[in-house]
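Participant: My file is target10.txt. It has compact mmCIF, C-alpha atoms:
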```
# COMPACT_ATOMS: atom_id res chain seq x y z
CA MET A 22 -1.20 4.15 -51.55
CA LEU A 23 0.93 2.49 -48.88
CA GLY A 24 1.35 5.83 -47.16
CA LEU A 25 -2.44 6.29 -47.06
CA LEU A 26 -2.94 2.81 -45.66
CA ASN A 27 -0.26 3.39 -43.03
CA LYS A 28 -1.91 6.65 -42.01
CA PHE A 29 -5.28 4.94 -41.62
CA ASN A 30 -3.82 2.06 -39.63
CA HIS A 31 -1.88 4.39 -37.41
CA LYS A 32 -5.01 6.37 -36.60
CA ALA A 33 -6.88 3.15 -35.79
CA GLU A 34 -4.02 2.05 -33.51
CA LEU A 35 -4.15 5.28 -31.59
CA ARG A 36 -7.93 5.04 -31.20
CA GLU A 37 -7.42 1.61 -29.68
CA SER A 38 -4.73 2.95 -27.36
CA LYS A 39 -6.70 5.63 -25.55
CA ASP A 40 -7.12 3.56 -22.40
CA GLU A 41 -3.38 2.80 -22.30
CA ILE A 42 -2.61 6.49 -22.78
CA LEU A 43 -4.90 7.25 -19.84
CA ILE A 44 -3.34 4.60 -17.60
CA GLY A 45 0.15 5.82 -18.52
CA GLU A 46 -0.76 9.34 -17.42
CA VAL A 47 -2.27 7.97 -14.20
CA VAL A 48 0.93 6.03 -13.40
CA ARG A 49 3.09 9.11 -13.96
CA ALA A 50 0.81 11.49 -12.06
CA MET A 51 0.50 9.12 -9.10
CA ALA A 52 4.32 8.70 -9.04
CA ARG A 53 4.67 12.48 -8.81
CA GLN A 54 2.48 12.34 -5.70
CA GLY A 55 4.65 9.63 -4.13
CA ALA A 56 2.39 6.69 -5.04
CA ILE A 57 4.56 3.97 -6.57
CA ALA A 58 3.02 1.52 -9.04
CA VAL A 59 3.77 -1.95 -7.65
CA SER A 60 1.53 -4.27 -9.64
CA PHE A 61 0.08 -4.38 -13.14
CA LEU A 62 -2.54 -6.56 -14.72
CA ALA A 63 -3.32 -5.51 -18.25
CA ASN A 64 -4.72 -6.80 -21.49
CA ASP A 65 -6.50 -5.27 -24.49
CA ASP A 66 -9.47 -3.61 -22.76
CA PHE A 67 -8.66 -3.96 -19.08
CA GLN A 68 -5.94 -2.42 -16.98
CA ARG A 69 -5.48 -2.61 -13.25
CA VAL A 70 -2.63 -0.94 -11.43
CA LYS A 71 -1.88 -1.18 -7.72
CA PHE A 72 -0.15 1.79 -6.12
CA LYS A 73 1.72 1.83 -2.82
CA LEU A 74 1.20 5.05 -0.86
CA GLN A 75 4.34 5.45 1.21
CA LYS A 76 3.47 8.44 3.38
CA ASP A 77 -0.31 8.34 3.67
CA PRO A 78 -1.41 7.99 7.33
CA VAL A 79 -4.52 5.98 6.45
CA VAL A 80 -4.35 4.46 2.98
CA SER A 81 -1.68 1.82 2.27
CA TYR A 82 -2.62 0.93 -1.31
CA VAL A 83 -4.81 2.31 -4.08
CA TYR A 84 -6.08 0.13 -6.92
CA ILE A 85 -7.14 1.80 -10.15
CA THR A 86 -8.98 -0.34 -12.67
CA LEU A 87 -9.92 0.89 -16.11
CA ASP A 88 -12.29 -1.38 -17.98
CA ARG A 89 -13.16 -0.24 -21.47
CA LYS A 90 -16.72 -1.40 -21.97
CA THR A 91 -17.29 -0.20 -25.54
CA GLY A 92 -14.42 -2.11 -27.12
CA THR A 93 -11.84 -0.55 -29.38
CA GLY A 94 -13.63 -0.76 -32.72
CA MET A 95 -14.44 2.26 -34.85
CA VAL A 96 -18.19 1.59 -34.92
CA GLY A 97 -18.45 1.07 -31.16
CA ALA A 98 -16.42 4.19 -30.49
CA ALA A 99 -18.60 6.22 -32.87
CA LEU A 100 -21.81 4.99 -31.26
CA PHE A 101 -20.88 5.06 -27.62
CA GLY A 102 -17.75 7.19 -27.41
CA SER A 103 -14.88 5.89 -25.35
CA LYS A 104 -16.84 4.95 -22.26
CA ALA A 105 -15.05 3.00 -19.55
CA THR A 106 -15.62 2.11 -15.95
CA LEU A 107 -13.04 3.51 -13.59
CA THR A 108 -12.93 1.63 -10.30
CA VAL A 109 -10.90 3.10 -7.50
CA SER A 110 -10.24 1.08 -4.34
CA ALA A 111 -8.34 2.26 -1.29
CA GLU A 112 -6.95 -0.24 1.20
CA THR A 113 -5.97 0.43 4.77
CA LYS A 114 -3.93 -2.16 6.62
CA ASN A 115 -4.09 -2.80 10.33
CA TYR A 116 -1.80 -5.85 10.56
CA LEU A 117 -4.06 -7.54 13.12
CA SER A 118 -2.35 -9.80 15.59
CA ASP A 119 -4.54 -9.54 18.69
CA PRO A 120 -6.98 -12.48 18.81
CA ASP A 121 -9.62 -10.18 20.37
CA ASP A 122 -9.40 -7.87 17.31
CA LEU A 123 -9.60 -10.88 14.99
CA ILE A 124 -12.87 -11.94 16.61
CA ALA A 125 -14.33 -8.42 16.26
CA MET A 126 -13.26 -8.24 12.61
CA TYR A 127 -14.75 -11.64 11.83
CA ARG A 128 -18.18 -10.37 12.87
CA THR A 129 -17.95 -7.33 10.57
CA ASP A 130 -16.74 -9.57 7.74
CA LEU A 131 -19.95 -11.55 7.99
CA ALA A 132 -22.00 -8.35 8.03
CA ASN A 133 -20.31 -7.15 4.81
CA LEU A 134 -20.46 -10.45 3.00
CA PHE A 135 -23.70 -9.83 1.12
CA ARG A 136 -23.44 -6.07 0.67
CA MET A 137 -23.41 -5.14 -3.01
CA PRO A 138 -21.50 -2.14 -4.41
CA VAL A 139 -23.57 0.68 -5.83
CA LEU A 140 -22.38 2.66 -8.85
CA GLY A 141 -20.85 5.91 -7.63
CA GLY A 142 -21.33 4.88 -4.01
CA ILE A 143 -18.63 3.64 -1.70
CA LYS A 144 -18.54 0.10 -0.44
CA LEU A 145 -16.56 -0.92 2.61
CA ASN A 146 -15.21 -4.42 2.85
CA HIS A 147 -13.22 -5.94 5.70
CA GLU A 148 -10.72 -8.70 5.03
CA LEU A 149 -8.99 -9.47 8.34
CA ASN A 150 -5.83 -7.38 7.95
CA SER A 151 -7.28 -5.05 5.34
CA ILE A 152 -10.29 -2.81 4.90
CA PHE A 153 -11.22 -1.71 1.40
CA ALA A 154 -13.32 1.24 0.29
CA THR A 155 -14.33 1.04 -3.35
CA THR A 156 -16.19 3.24 -5.79
CA THR A 157 -16.94 2.76 -9.47
CA LEU A 158 -17.65 5.49 -11.98
CA ILE A 159 -18.37 5.60 -15.68
CA ILE A 160 -16.04 7.98 -17.51
CA ASP A 161 -15.48 9.04 -21.10
CA ILE A 162 -11.78 8.52 -21.82
CA ASP A 163 -11.92 11.23 -24.50
CA THR A 164 -12.49 13.78 -21.74
CA TYR A 165 -8.98 13.20 -20.46
CA VAL A 166 -6.66 11.86 -23.17
CA MET A 167 -4.94 13.76 -25.97
CA LYS A 168 -5.96 17.00 -24.29
CA GLY A 169 -2.46 17.85 -23.10
CA ASP A 170 -1.83 18.99 -19.55
CA PRO A 171 -5.41 20.24 -18.91
CA GLY A 172 -6.71 16.73 -19.60
CA VAL A 173 -4.20 15.15 -17.22
CA GLN A 174 -4.91 17.80 -14.57
CA ALA A 175 -8.66 17.14 -14.82
CA LEU A 176 -8.07 13.41 -14.46
CA MET A 177 -5.80 13.80 -11.47
CA GLY A 178 -8.17 16.26 -9.81
CA HIS A 179 -10.90 13.68 -10.21
CA LEU A 180 -8.73 10.88 -8.81
CA HIS A 181 -7.48 13.06 -5.98
CA ARG A 182 -11.04 13.85 -4.85
CA THR A 183 -12.07 10.21 -5.12
CA ILE A 184 -9.10 8.95 -3.09
CA HIS A 185 -9.77 11.65 -0.49
CA GLU A 186 -13.40 10.48 -0.12
CA LEU A 187 -12.27 6.86 0.23
CA ARG A 188 -9.61 7.84 2.77
CA GLU A 189 -12.21 9.60 4.94
CA LYS A 190 -14.43 6.51 4.83
CA LEU A 191 -11.51 4.36 5.98
CA ARG A 192 -10.13 6.74 8.61
CA PRO A 193 -12.39 5.55 11.49
CA TYR A 194 -11.22 1.97 10.94
CA LYS A 195 -7.49 2.72 10.93
CA LYS A 196 -5.82 1.52 14.11
CA GLY A 197 -2.79 3.08 15.73
CA MET B 23 -21.85 0.03 71.74
CA SER B 24 -20.41 2.75 69.49
CA GLN B 25 -23.27 5.00 70.69
CA ASN B 26 -21.77 5.04 74.17
CA LEU B 27 -18.20 5.79 73.14
CA PRO B 28 -16.70 9.13 74.14
CA PRO B 29 -15.47 11.30 71.24
CA LEU B 30 -11.98 10.59 69.89
CA PRO B 31 -9.23 12.69 71.39
CA PRO B 32 -7.70 15.26 68.99
CA ALA B 33 -5.69 13.55 66.19
CA ASP B 34 -2.37 14.90 67.49
CA ALA B 35 -3.00 14.03 71.15
CA PRO B 36 -1.09 10.95 72.42
CA ALA B 37 -4.09 9.39 74.14
CA LEU B 38 -4.61 6.00 72.52
CA PHE B 39 -3.51 2.70 74.02
CA VAL B 40 -3.22 -0.25 71.65
CA ARG B 41 -3.10 -4.01 72.15
CA GLY B 42 -1.57 -5.78 69.18
CA PRO B 43 0.16 -9.13 68.59
CA ALA B 44 3.28 -7.80 70.37
CA GLY B 45 1.40 -6.68 73.44
CA GLN B 46 0.19 -3.31 74.66
CA VAL B 47 1.75 -0.12 73.29
CA GLY B 48 0.97 3.56 73.70
CA PRO B 49 -0.10 6.06 74.35
CA MET B 50 0.01 7.22 70.73
CA THR B 51 -1.83 9.77 68.58
CA GLY B 52 -4.63 8.87 66.19
CA GLN B 53 -2.31 9.73 63.26
CA GLN B 54 0.37 7.32 64.54
CA LEU B 55 -2.20 4.54 64.94
CA LEU B 56 -3.51 5.05 61.41
CA GLN B 57 0.01 5.13 59.97
CA GLN B 58 1.02 1.88 61.70
CA ILE B 59 -2.08 0.06 60.51
CA VAL B 60 -1.69 1.32 56.92
CA GLN B 61 1.98 0.28 56.93
CA GLY B 62 1.07 -3.16 58.27
CA ALA B 63 2.83 -2.77 61.65
CA LEU B 64 -0.50 -3.29 63.42
CA PRO B 65 -3.57 -5.25 62.25
CA GLU B 66 -6.89 -3.46 61.73
CA THR B 67 -8.28 -5.71 64.43
CA CYS B 68 -5.90 -4.46 67.13
CA ALA B 69 -7.77 -3.34 70.25
CA ILE B 70 -7.77 0.32 71.30
CA TRP B 71 -8.72 2.20 74.46
CA TYR B 72 -8.61 5.81 75.58
CA GLN B 73 -9.84 7.74 78.60
CA GLY B 74 -13.60 7.45 79.07
CA MET B 75 -14.08 4.18 77.10
CA PRO B 76 -15.82 1.40 79.07
CA ASP B 77 -13.77 -1.32 77.39
CA TRP B 78 -11.26 -2.16 74.67
CA ILE B 79 -12.67 -2.50 71.07
CA PRO B 80 -11.07 -3.41 67.72
CA ALA B 81 -9.82 -0.26 65.99
CA VAL B 82 -11.72 -1.10 62.79
CA GLN B 83 -15.01 -1.12 64.74
CA HIS B 84 -14.53 2.39 66.13
CA PRO B 85 -16.87 4.78 64.25
CA GLY B 86 -14.22 7.46 64.08
CA ILE B 87 -11.37 5.19 62.96
CA GLY B 88 -13.05 2.45 60.83
CA PRO B 89 -14.03 4.75 57.93
CA LEU B 90 -10.52 6.25 57.84
CA LEU B 91 -9.01 2.77 57.61
CA ALA B 92 -11.39 1.91 54.77
CA GLN B 93 -10.19 4.96 52.84
CA HIS B 94 -6.56 3.92 53.18
CA ARG B 95 -7.14 0.23 52.57
CA PRO B 96 -5.44 -1.02 49.35
CA PRO B 97 -7.90 -2.18 46.65
CA ALA B 98 -8.97 -5.78 46.85
CA ALA B 99 -6.86 -8.08 44.76
CA ASP B 100 -8.37 -8.95 41.32
CA PRO B 101 -8.98 -12.72 41.41
CA TYR B 102 -8.58 -12.87 37.59
CA ALA B 103 -5.46 -10.70 37.41
CA ALA B 104 -3.07 -13.63 37.14
CA ALA B 105 -5.11 -15.29 34.39
CA ARG B 106 -5.40 -11.97 32.56
CA ALA B 107 -1.65 -11.42 32.78
CA VAL B 108 -1.04 -14.85 31.24
CA ASP B 109 -3.56 -14.07 28.48
CA ASP B 110 -1.91 -10.70 27.75
CA GLU B 111 1.55 -12.24 27.68
CA ARG B 112 0.47 -14.96 25.26
CA ASP B 113 -1.24 -12.35 23.04
CA ARG B 114 1.98 -10.34 23.08
CA VAL B 115 4.05 -13.38 22.06
CA PHE B 116 1.52 -14.24 19.33
CA GLY B 117 1.63 -10.60 18.13
CA SER B 118 5.43 -10.70 17.91
CA LEU B 119 5.23 -13.93 15.85
CA VAL B 120 2.75 -12.31 13.46
CA LYS B 121 4.88 -9.17 13.19
CA ALA B 122 8.00 -11.21 12.41
CA SER B 123 6.01 -13.04 9.75
CA TRP B 124 4.91 -9.73 8.22
CA ASP B 125 8.54 -8.62 8.00
CA TRP B 126 9.40 -11.81 6.12
CA TYR B 127 6.25 -11.58 3.99
CA ASN B 128 7.00 -7.96 2.98
CA GLN B 129 10.53 -8.95 1.93
CA ASN B 130 9.03 -11.69 -0.21
CA VAL B 131 6.46 -9.33 -1.72
CA PHE B 132 9.14 -6.79 -2.55
CA ALA B 133 11.31 -9.48 -4.17
CA SER B 134 8.36 -10.63 -6.28
CA GLN B 135 7.03 -7.27 -7.42
CA ILE B 136 10.24 -5.29 -7.90
CA ASP B 137 9.98 -5.82 -11.68
CA GLU B 138 6.54 -4.20 -11.67
CA VAL B 139 7.88 -1.26 -9.69
CA LEU B 140 10.51 -0.90 -12.42
CA LEU B 141 7.77 -1.12 -15.04
CA GLY B 142 5.95 1.82 -13.46
CA ALA B 143 9.23 3.74 -13.29
CA ILE B 144 9.90 3.09 -17.00
CA ILE B 145 6.44 4.44 -17.83
CA THR B 146 7.03 7.55 -15.73
CA CYS B 147 10.48 8.26 -17.23
CA THR B 148 9.38 7.70 -20.80
CA LEU B 149 6.29 9.89 -20.44
CA ASP B 150 8.49 12.59 -18.94
CA ASN B 151 10.47 12.48 -22.20
CA GLY B 152 7.47 13.33 -24.35
CA PHE B 153 6.10 9.88 -25.14
CA SER B 154 2.63 8.46 -24.47
CA LEU B 155 1.95 4.88 -23.44
CA ILE B 156 -0.01 3.21 -26.26
CA ASP B 157 0.28 -0.45 -25.38
CA LEU B 158 0.47 -2.24 -22.06
CA THR B 159 0.37 -5.98 -21.55
CA SER B 160 1.30 -7.61 -18.28
CA ASP B 161 0.56 -10.90 -16.63
CA GLY B 162 2.64 -10.14 -13.56
CA GLY B 163 5.80 -11.85 -14.86
CA PHE B 164 6.19 -10.76 -18.46
CA HIS B 165 5.58 -7.14 -19.37
CA PHE B 166 5.30 -5.39 -22.70
CA LEU B 167 5.17 -1.62 -23.17
CA ARG B 168 4.90 0.46 -26.32
CA PHE B 169 5.20 4.22 -26.34
CA GLU B 170 4.72 6.80 -29.07
CA ASN B 171 5.75 10.39 -29.34
CA LEU B 172 2.47 11.73 -30.72
CA GLN B 173 4.26 14.60 -32.50
CA THR B 174 7.20 12.82 -34.18
CA LYS B 175 5.44 9.38 -34.29
CA ALA B 176 8.66 7.77 -33.05
CA ARG B 177 8.08 4.72 -30.88
CA ILE B 178 9.82 2.96 -28.02
CA VAL B 179 9.11 -0.66 -27.16
CA VAL B 180 10.12 -2.29 -23.88
CA GLN B 181 9.86 -5.97 -22.99
CA LEU B 182 10.70 -6.85 -19.43
CA LYS B 183 10.97 -10.31 -17.92
CA HIS B 184 11.87 -10.87 -14.29
CA LEU B 185 14.44 -13.67 -14.16
CA THR B 186 14.84 -14.02 -10.40
CA SER B 187 11.35 -13.66 -9.00
CA GLY B 188 11.05 -14.73 -5.39
CA LEU B 189 13.09 -14.11 -2.27
CA MET B 190 15.51 -17.02 -2.53
CA ALA B 191 16.43 -16.50 -6.18
CA SER B 192 16.88 -12.77 -5.70
CA LYS B 193 19.03 -13.22 -2.57
CA VAL B 194 21.30 -15.70 -4.35
CA LEU B 195 21.50 -14.14 -7.80
CA GLY B 196 20.34 -10.55 -7.32
CA GLN B 197 17.34 -8.97 -9.00
CA ARG B 198 17.96 -9.75 -12.64
CA ALA B 199 15.74 -8.95 -15.59
CA SER B 200 15.88 -9.61 -19.28
CA VAL B 201 15.09 -6.35 -21.05
CA VAL B 202 14.50 -5.79 -24.73
CA ILE B 203 14.36 -2.17 -25.78
CA GLY B 204 13.24 -1.26 -29.26
CA TYR B 205 13.05 1.97 -31.20
CA GLY B 206 10.76 2.43 -34.18
CA GLU B 207 10.03 5.04 -36.81
CA ARG B 208 7.32 5.24 -39.42
CA VAL B 209 8.63 4.62 -42.89
CA GLN B 210 6.50 5.87 -45.74
CA ASP B 211 8.09 4.44 -48.87
CA PHE B 212 7.92 0.81 -49.84
CA GLN B 213 11.57 0.54 -50.83
CA ARG B 214 12.80 1.29 -47.34
CA ILE B 215 10.30 -1.08 -45.76
CA TRP B 216 11.49 -3.80 -48.14
CA GLN B 217 15.04 -3.20 -46.96
CA ALA B 218 13.85 -3.52 -43.39
CA LEU B 219 12.01 -6.72 -44.18
CA LYS B 220 15.20 -8.23 -45.60
CA ALA B 221 16.96 -7.29 -42.39
CA GLU B 222 14.08 -8.78 -40.40
CA PHE B 223 14.52 -12.04 -42.34
CA LYS B 224 18.14 -12.21 -41.22
CA SER B 225 17.18 -11.31 -37.64
CA GLY B 226 14.78 -14.22 -37.64
CA TYR B 227 17.72 -16.64 -37.62
CA ILE B 228 19.01 -15.29 -34.33
CA GLN B 229 17.77 -17.84 -31.83
CA SER B 230 19.12 -16.44 -28.61
CA PRO B 231 20.55 -12.98 -29.06
CA GLU B 232 23.63 -12.08 -27.09
CA PRO B 233 23.60 -8.81 -25.19
CA GLY B 234 24.11 -5.88 -27.50
CA THR B 235 22.87 -7.71 -30.58
CA ILE B 236 20.64 -5.35 -32.54
CA SER B 237 17.88 -7.00 -34.56
CA VAL B 238 15.40 -5.47 -36.97
CA ASP B 239 11.66 -5.89 -37.07
CA ALA B 240 9.04 -4.38 -39.36
CA ASP B 241 5.30 -3.91 -38.99
CA VAL B 242 3.99 -3.52 -42.52
CA ALA B 243 0.41 -2.83 -41.42
CA SER B 244 1.29 0.33 -39.54
CA GLY B 245 4.44 1.11 -41.55
CA TYR B 246 6.85 0.95 -38.64
CA VAL B 247 10.37 -0.38 -38.70
CA TYR B 248 11.89 -1.24 -35.32
CA VAL B 249 15.39 -2.02 -34.17
CA GLN B 250 15.79 -3.66 -30.82
CA VAL B 251 18.51 -4.77 -28.48
CA ASP B 252 18.64 -7.42 -25.77
CA LEU B 253 20.03 -6.39 -22.42
CA TYR B 254 20.21 -7.70 -18.86
CA TRP B 255 19.52 -5.28 -16.05
CA ASN B 256 20.07 -5.45 -12.32
CA ILE B 257 16.73 -4.07 -11.14
CA GLU B 258 18.18 -3.06 -7.77
CA ASP B 259 20.22 -0.41 -9.59
CA TYR B 260 16.94 1.42 -10.19
CA VAL B 261 14.59 0.30 -7.39
CA LYS B 262 15.76 0.36 -3.77
CA GLU B 263 14.38 -1.69 -0.90
CA ASP B 264 12.50 1.29 0.51
CA TYR B 265 10.77 1.64 -2.88
CA ASN B 266 12.82 4.70 -3.78
CA ILE B 267 13.45 4.87 -7.49
CA GLU B 268 16.55 6.16 -9.24
CA TYR B 269 14.65 8.00 -11.98
CA GLY B 270 17.73 9.91 -13.12
CA LEU B 271 19.79 6.77 -13.76
CA LEU B 272 16.86 5.01 -15.43
CA THR B 273 16.19 7.98 -17.73
CA THR B 274 19.87 8.13 -18.68
CA HIS B 275 20.03 4.42 -19.50
CA ILE B 276 16.83 4.43 -21.58
CA ALA B 277 17.85 7.61 -23.41
CA ALA B 278 21.32 6.22 -24.22
CA THR B 279 19.86 2.96 -25.53
CA VAL B 280 17.20 4.70 -27.62
CA HIS B 281 19.84 7.08 -28.97
CA ALA B 282 22.03 4.17 -30.07
CA LEU B 283 19.09 2.35 -31.66
CA GLY B 284 17.93 5.49 -33.47
CA LYS B 285 21.40 6.01 -34.95
CA TYR B 286 21.51 2.38 -36.06
CA LEU B 287 18.03 2.53 -37.63
CA ARG B 288 18.68 5.69 -39.60
CA GLY B 289 22.10 4.42 -40.69
CA ARG B 290 20.64 1.09 -41.78
CA LEU B 291 17.81 2.58 -43.79
CA GLY B 292 19.82 5.42 -45.20
```
With the file now loaded, output its structure as structure tokens.

Facilitator:
Amino acid sequence: MLGLLNKFNHKAELRESKDEILIGEVVRAMARQGAIAVSFLANDDFQRVKFKLQKDPVVSYVYITLDRKTGTGMVGAALFGSKATLTVSAETKNYLSDPDDLIAMYRTDLANLFRMPVLGGIKLNHELNSIFATTTLIIDIDTYVMKGDPGVQALMGHLHRTIHELREKLRPYKKG
Amino acid sequence: MSQNLPPLPPADAPALFVRGPAGQVGPMTGQQLLQQIVQGALPETCAIWYQGMPDWIPAVQHPGIGPLLAQHRPPAADPYAAARAVDDERDRVFGSLVKASWDWYNQNVFASQIDEVLLGAIITCTLDNGFSLIDLTSDGGFHFLRFENLQTKARIVVQLKHLTSGLMASKVLGQRASVVIGYGERVQDFQRIWQALKAEFKSGYIQSPEPGTISVDADVASGYVYVQVDLYWNIEDYVKEDYNIEYGLLTTHIAATVHALGKYLRGRLG
């Protein structure tokens, strides 16, 4: 009886852990590409990891946020699957120090202040020394986790394409 | 008056007489006159005369010489150049202050987030050894990780607390972290879990475990029994200032600790 209960509980634990499994694979795969995880913010249904891209000519940091919208319960998972929003932000840094550049950037900051992000679209946001490009997608975690290497490869292919798109959006704004 | 002037002698013919501040000189060629004016030896307003001219006229007013002088005249001085130079110099000084601040700021950031870099490295190493991350809690200062080998169901737990966050503390004491590493296995029969619970009861009396002290913990709901050990790590052994990570050393240290804990757990439970 105890064995049966343990088995059931273990299965429930793993169902609740799919987003962590996904984030773990993201951290490892990004590290293999030279992107070092430098900051974590994580709780039950929300994980955000900041990566430092050491050799990228345009992008300094990438932020990957996984927000599990359907909760971890069995009923929710059965009804909605393991849907989550995956938000990917790329940040380019210009380290502004010329007052003339600061004035120019201030004007674009005002222009971006009221622009709202669109799902799947890319939003650009200037913050003095940094410019962010952000996109948000809805994914099904089950597509990627517990599928072995093919699942991880599919996830990384997806992330790679997304980061490439964001990089190209940021490229015109990168100075020097 | 220029309408009545005879044509200029050939440029290499010494036919020009010149009256400048030092008196009359010449005859000289047109090339020599131009050269002396350009070099500043004669003013543009010096008077010239050659055979056939009714009178002396300033060189700059001669229709054959004036345009040539204009071509060789240095550009007019920018009246704002001095102010612009001051502005550029101050911008340069301001830029150097900002850059120096960034250097300091980046050192501070590195000192503050080095524990999180280590956290990412632990995840990478442990996944490389066949485990999956199944639990992640982090508030930026305290971090908790739980891994499971989905085939064997064995688990590894890591608690990491940065003890010297901030530039000053890390410069004085080094990058120290309190690390608790645990190893767990699923235990099916009640008798063995009961044994573990008795051990957990004893472990509960340990208020502040010394390094190397192995304590026992049991999770009845999921049927896991864990053993864990308290350690202190120097994070700089694994994470360098250029963000390079010593994955090999980290993997060796985690594997050795997990190996020791696994031996202890199996020995304890029989």

Participant: Could you please determine the separation between atom CA of Ile203 of chain B and atom CA of Ile57 of chain A in Å, to one decimal place?

Facilitator: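 Spanning atom CA of Ile203 of chain B to atom CA of Ile57 of chain A is a straight-line distance of 22.4 Å.
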
Participant: In terms of the shortest atom-to-atom distance over only C-alpha atoms, which of B:Tyr269, B:Leu149, B:Gln135, B:Gly45 is closest to Ile70 of chain B?

Facilitator: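 Going through B:Tyr269, B:Leu149, B:Gln135, B:Gly45 one by one, the smallest distance to Ile70 of chain B is for B:Gly45.
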
Participant: Hey, which bits of chain B sit within 7 Å of chain A, and for each residue what's the closest pair of atoms and how far apart in Å (one decimal), counting all atoms listed in the file, rows by chain and increasing number, as a tab-separated table?

Facilitator:
```
residue	atom	partner	partner_atom	distance
B:Asp113	CA	A:Asp119	CA	6.1
B:Phe116	CA	A:Ser118	CA	7.0
B:Gly117	CA	A:Ser118	CA	4.8
B:Val120	CA	A:Ser118	CA	6.1
B:Gln135	CA	A:Val59	CA	6.2
B:Glu138	CA	A:Val59	CA	5.4
B:Val139	CA	A:Val59	CA	4.6
B:Gly142	CA	A:Ala58	CA	5.3
B:Ile145	CA	A:Gly45	CA	6.5
B:Thr146	CA	A:Arg49	CA	4.6
B:Ser154	CA	A:Ile42	CA	5.8
B:Leu155	CA	A:Ile42	CA	4.9
B:Ile156	CA	A:Ser38	CA	4.9
B:Asp157	CA	A:Glu41	CA	5.8
B:Leu158	CA	A:Ala63	CA	6.3
B:Thr159	CA	A:Ala63	CA	5.0
B:Ser160	CA	A:Ala63	CA	5.1
B:Asp161	CA	A:Leu62	CA	5.7
B:Gly162	CA	A:Phe61	CA	6.3
B:Gln210	CA	A:Gly24	CA	5.3
B:Ala243	CA	A:Asn27	CA	6.5
B:Ser244	CA	A:Asn27	CA	4.9
B:Gly245	CA	A:Asn27	CA	5.4
```

Participant: Rounded to one decimal in Å, what is the spacing between atom CA of Val238 of chain B and atom CA of Asp259 of chain B?

Facilitator: 28.3 Å

Participant: Rounded to one decimal, what separation in Å do you get between atom CA of Asn266 of chain B and atom CA of Thr148 of chain B?

Facilitator: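 Answer for the atom CA of Asn266 of chain B to atom CA of Thr148 of chain B separation: 17.6 Å.
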
Participant: Have a look at B:Ala133, B:Val60, B:Leu287, B:Val47 and name the one nearest to Gly204 of chain B; count only C-alpha atoms.

Facilitator: B:Leu287

Participant: Taking (6.3, -5.8, -25.8) in the file's coordinates as the center, which residues reach within 8 Å of it, counting all atoms listed in the file, put as a list in words?

Facilitator: Leu158, Thr159, His165, Phe166, Leu167, Arg168, Val179, Val180, Gln181 and Leu182 of chain B

Participant: Let's have the selection written as a short mmCIF file (atom, residue, chain, number, x, y, z; two decimals), in the coordinates of the input, with C-alpha atoms.

Facilitator:
```cif
data_model
loop_
_atom_site.label_atom_id
_atom_site.label_comp_id
_atom_site.auth_asym_id
_atom_site.auth_seq_id
_atom_site.Cartn_x
_atom_site.Cartn_y
_atom_site.Cartn_z
CA LEU B 158 0.47 -2.24 -22.06
CA THR B 159 0.37 -5.98 -21.55
CA HIS B 165 5.58 -7.14 -19.37
CA PHE B 166 5.30 -5.39 -22.70
CA LEU B 167 5.17 -1.62 -23.17
CA ARG B 168 4.90 0.46 -26.32
CA VAL B 179 9.11 -0.66 -27.16
CA VAL B 180 10.12 -2.29 -23.88
CA GLN B 181 9.86 -5.97 -22.99
CA LEU B 182 10.70 -6.85 -19.43
#
```

Participant: Could you pull the residues within 8 Å of Leu140 of chain B, counting all atoms listed in the file, minus those fewer than 5 positions along the same chain, as a list of chain:residue names?

Facilitator: B:Ile257, B:Tyr260, B:Val261

Participant: Would you export the selected residues with C-alpha atoms as a PDB file, in the coordinates of the input, please?

Facilitator:
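Once everything was written out, this is out.pdb:
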```pdb
ATOM      1  CA  ILE B 257      16.730  -4.070 -11.140  1.00  0.00           C
ATOM      2  CA  TYR B 260      16.940   1.420 -10.190  1.00  0.00           C
ATOM      3  CA  VAL B 261      14.590   0.300  -7.390  1.00  0.00           C
TER       4      VAL B 261
END
```

Participant: My list of candidates is A:Arg192, A:Phe153, A:Leu158, A:Met177. Which is closest to Asp77 of chain A when distances are computed with all atoms listed in the file?

Facilitator: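 Of the candidates, the smallest distance to Asp77 of chain A is held by A:Arg192.
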
Participant: Fewer than 5 positions away in the same chain doesn't count, so skip those; otherwise give me all residues within 10 Å of Ile143 of chain A, counting only C-alpha atoms, as number ranges by chain.

Facilitator: A: 109-110, 138, 153-157, 183, 186-187, 190

Participant: So that I can see what lies close to Thr274 of chain B, please list as a list in words the residues with an atom at most 12 Å from it, counting all atoms listed in the file and leaving out residues fewer than 5 positions away in the same chain.

Facilitator: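 Skipping anything fewer than 5 positions along the chain leaves Ile144, Cys147, Thr148, Asn151, Tyr260, Glu268, Tyr269, Thr279, Val280 and His281 of chain B.
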
Participant: Which residue is closest to Gly42 of chain B? Choose from B:Gln58, B:Ser192, B:Gln73, B:Gln173 and count all atoms listed in the file.

Facilitator: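 Going through B:Gln58, B:Ser192, B:Gln73, B:Gln173 one by one, the smallest distance to Gly42 of chain B is for B:Gln58.
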
Participant: Considering only C-alpha atoms, return as a PyMOL selection string whatever protein or nucleic-acid residues lie within 9 Å of Thr235 of chain B, sequence-local ones (same chain, fewer than 4 positions apart) excluded.

Facilitator: chain B and resi 231+250-253

Participant: Those residues you just picked out, can you put them in a file as a short mmCIF file (atom, residue, chain, number, x, y, z; two decimals), in the coordinates of the input with C-alpha atoms?

Facilitator:
```cif
data_model
loop_
_atom_site.label_atom_id
_atom_site.label_comp_id
_atom_site.auth_asym_id
_atom_site.auth_seq_id
_atom_site.Cartn_x
_atom_site.Cartn_y
_atom_site.Cartn_z
CA PRO B 231 20.55 -12.98 -29.06
CA GLN B 250 15.79 -3.66 -30.82
CA VAL B 251 18.51 -4.77 -28.48
CA ASP B 252 18.64 -7.42 -25.77
CA LEU B 253 20.03 -6.39 -22.42
#
```
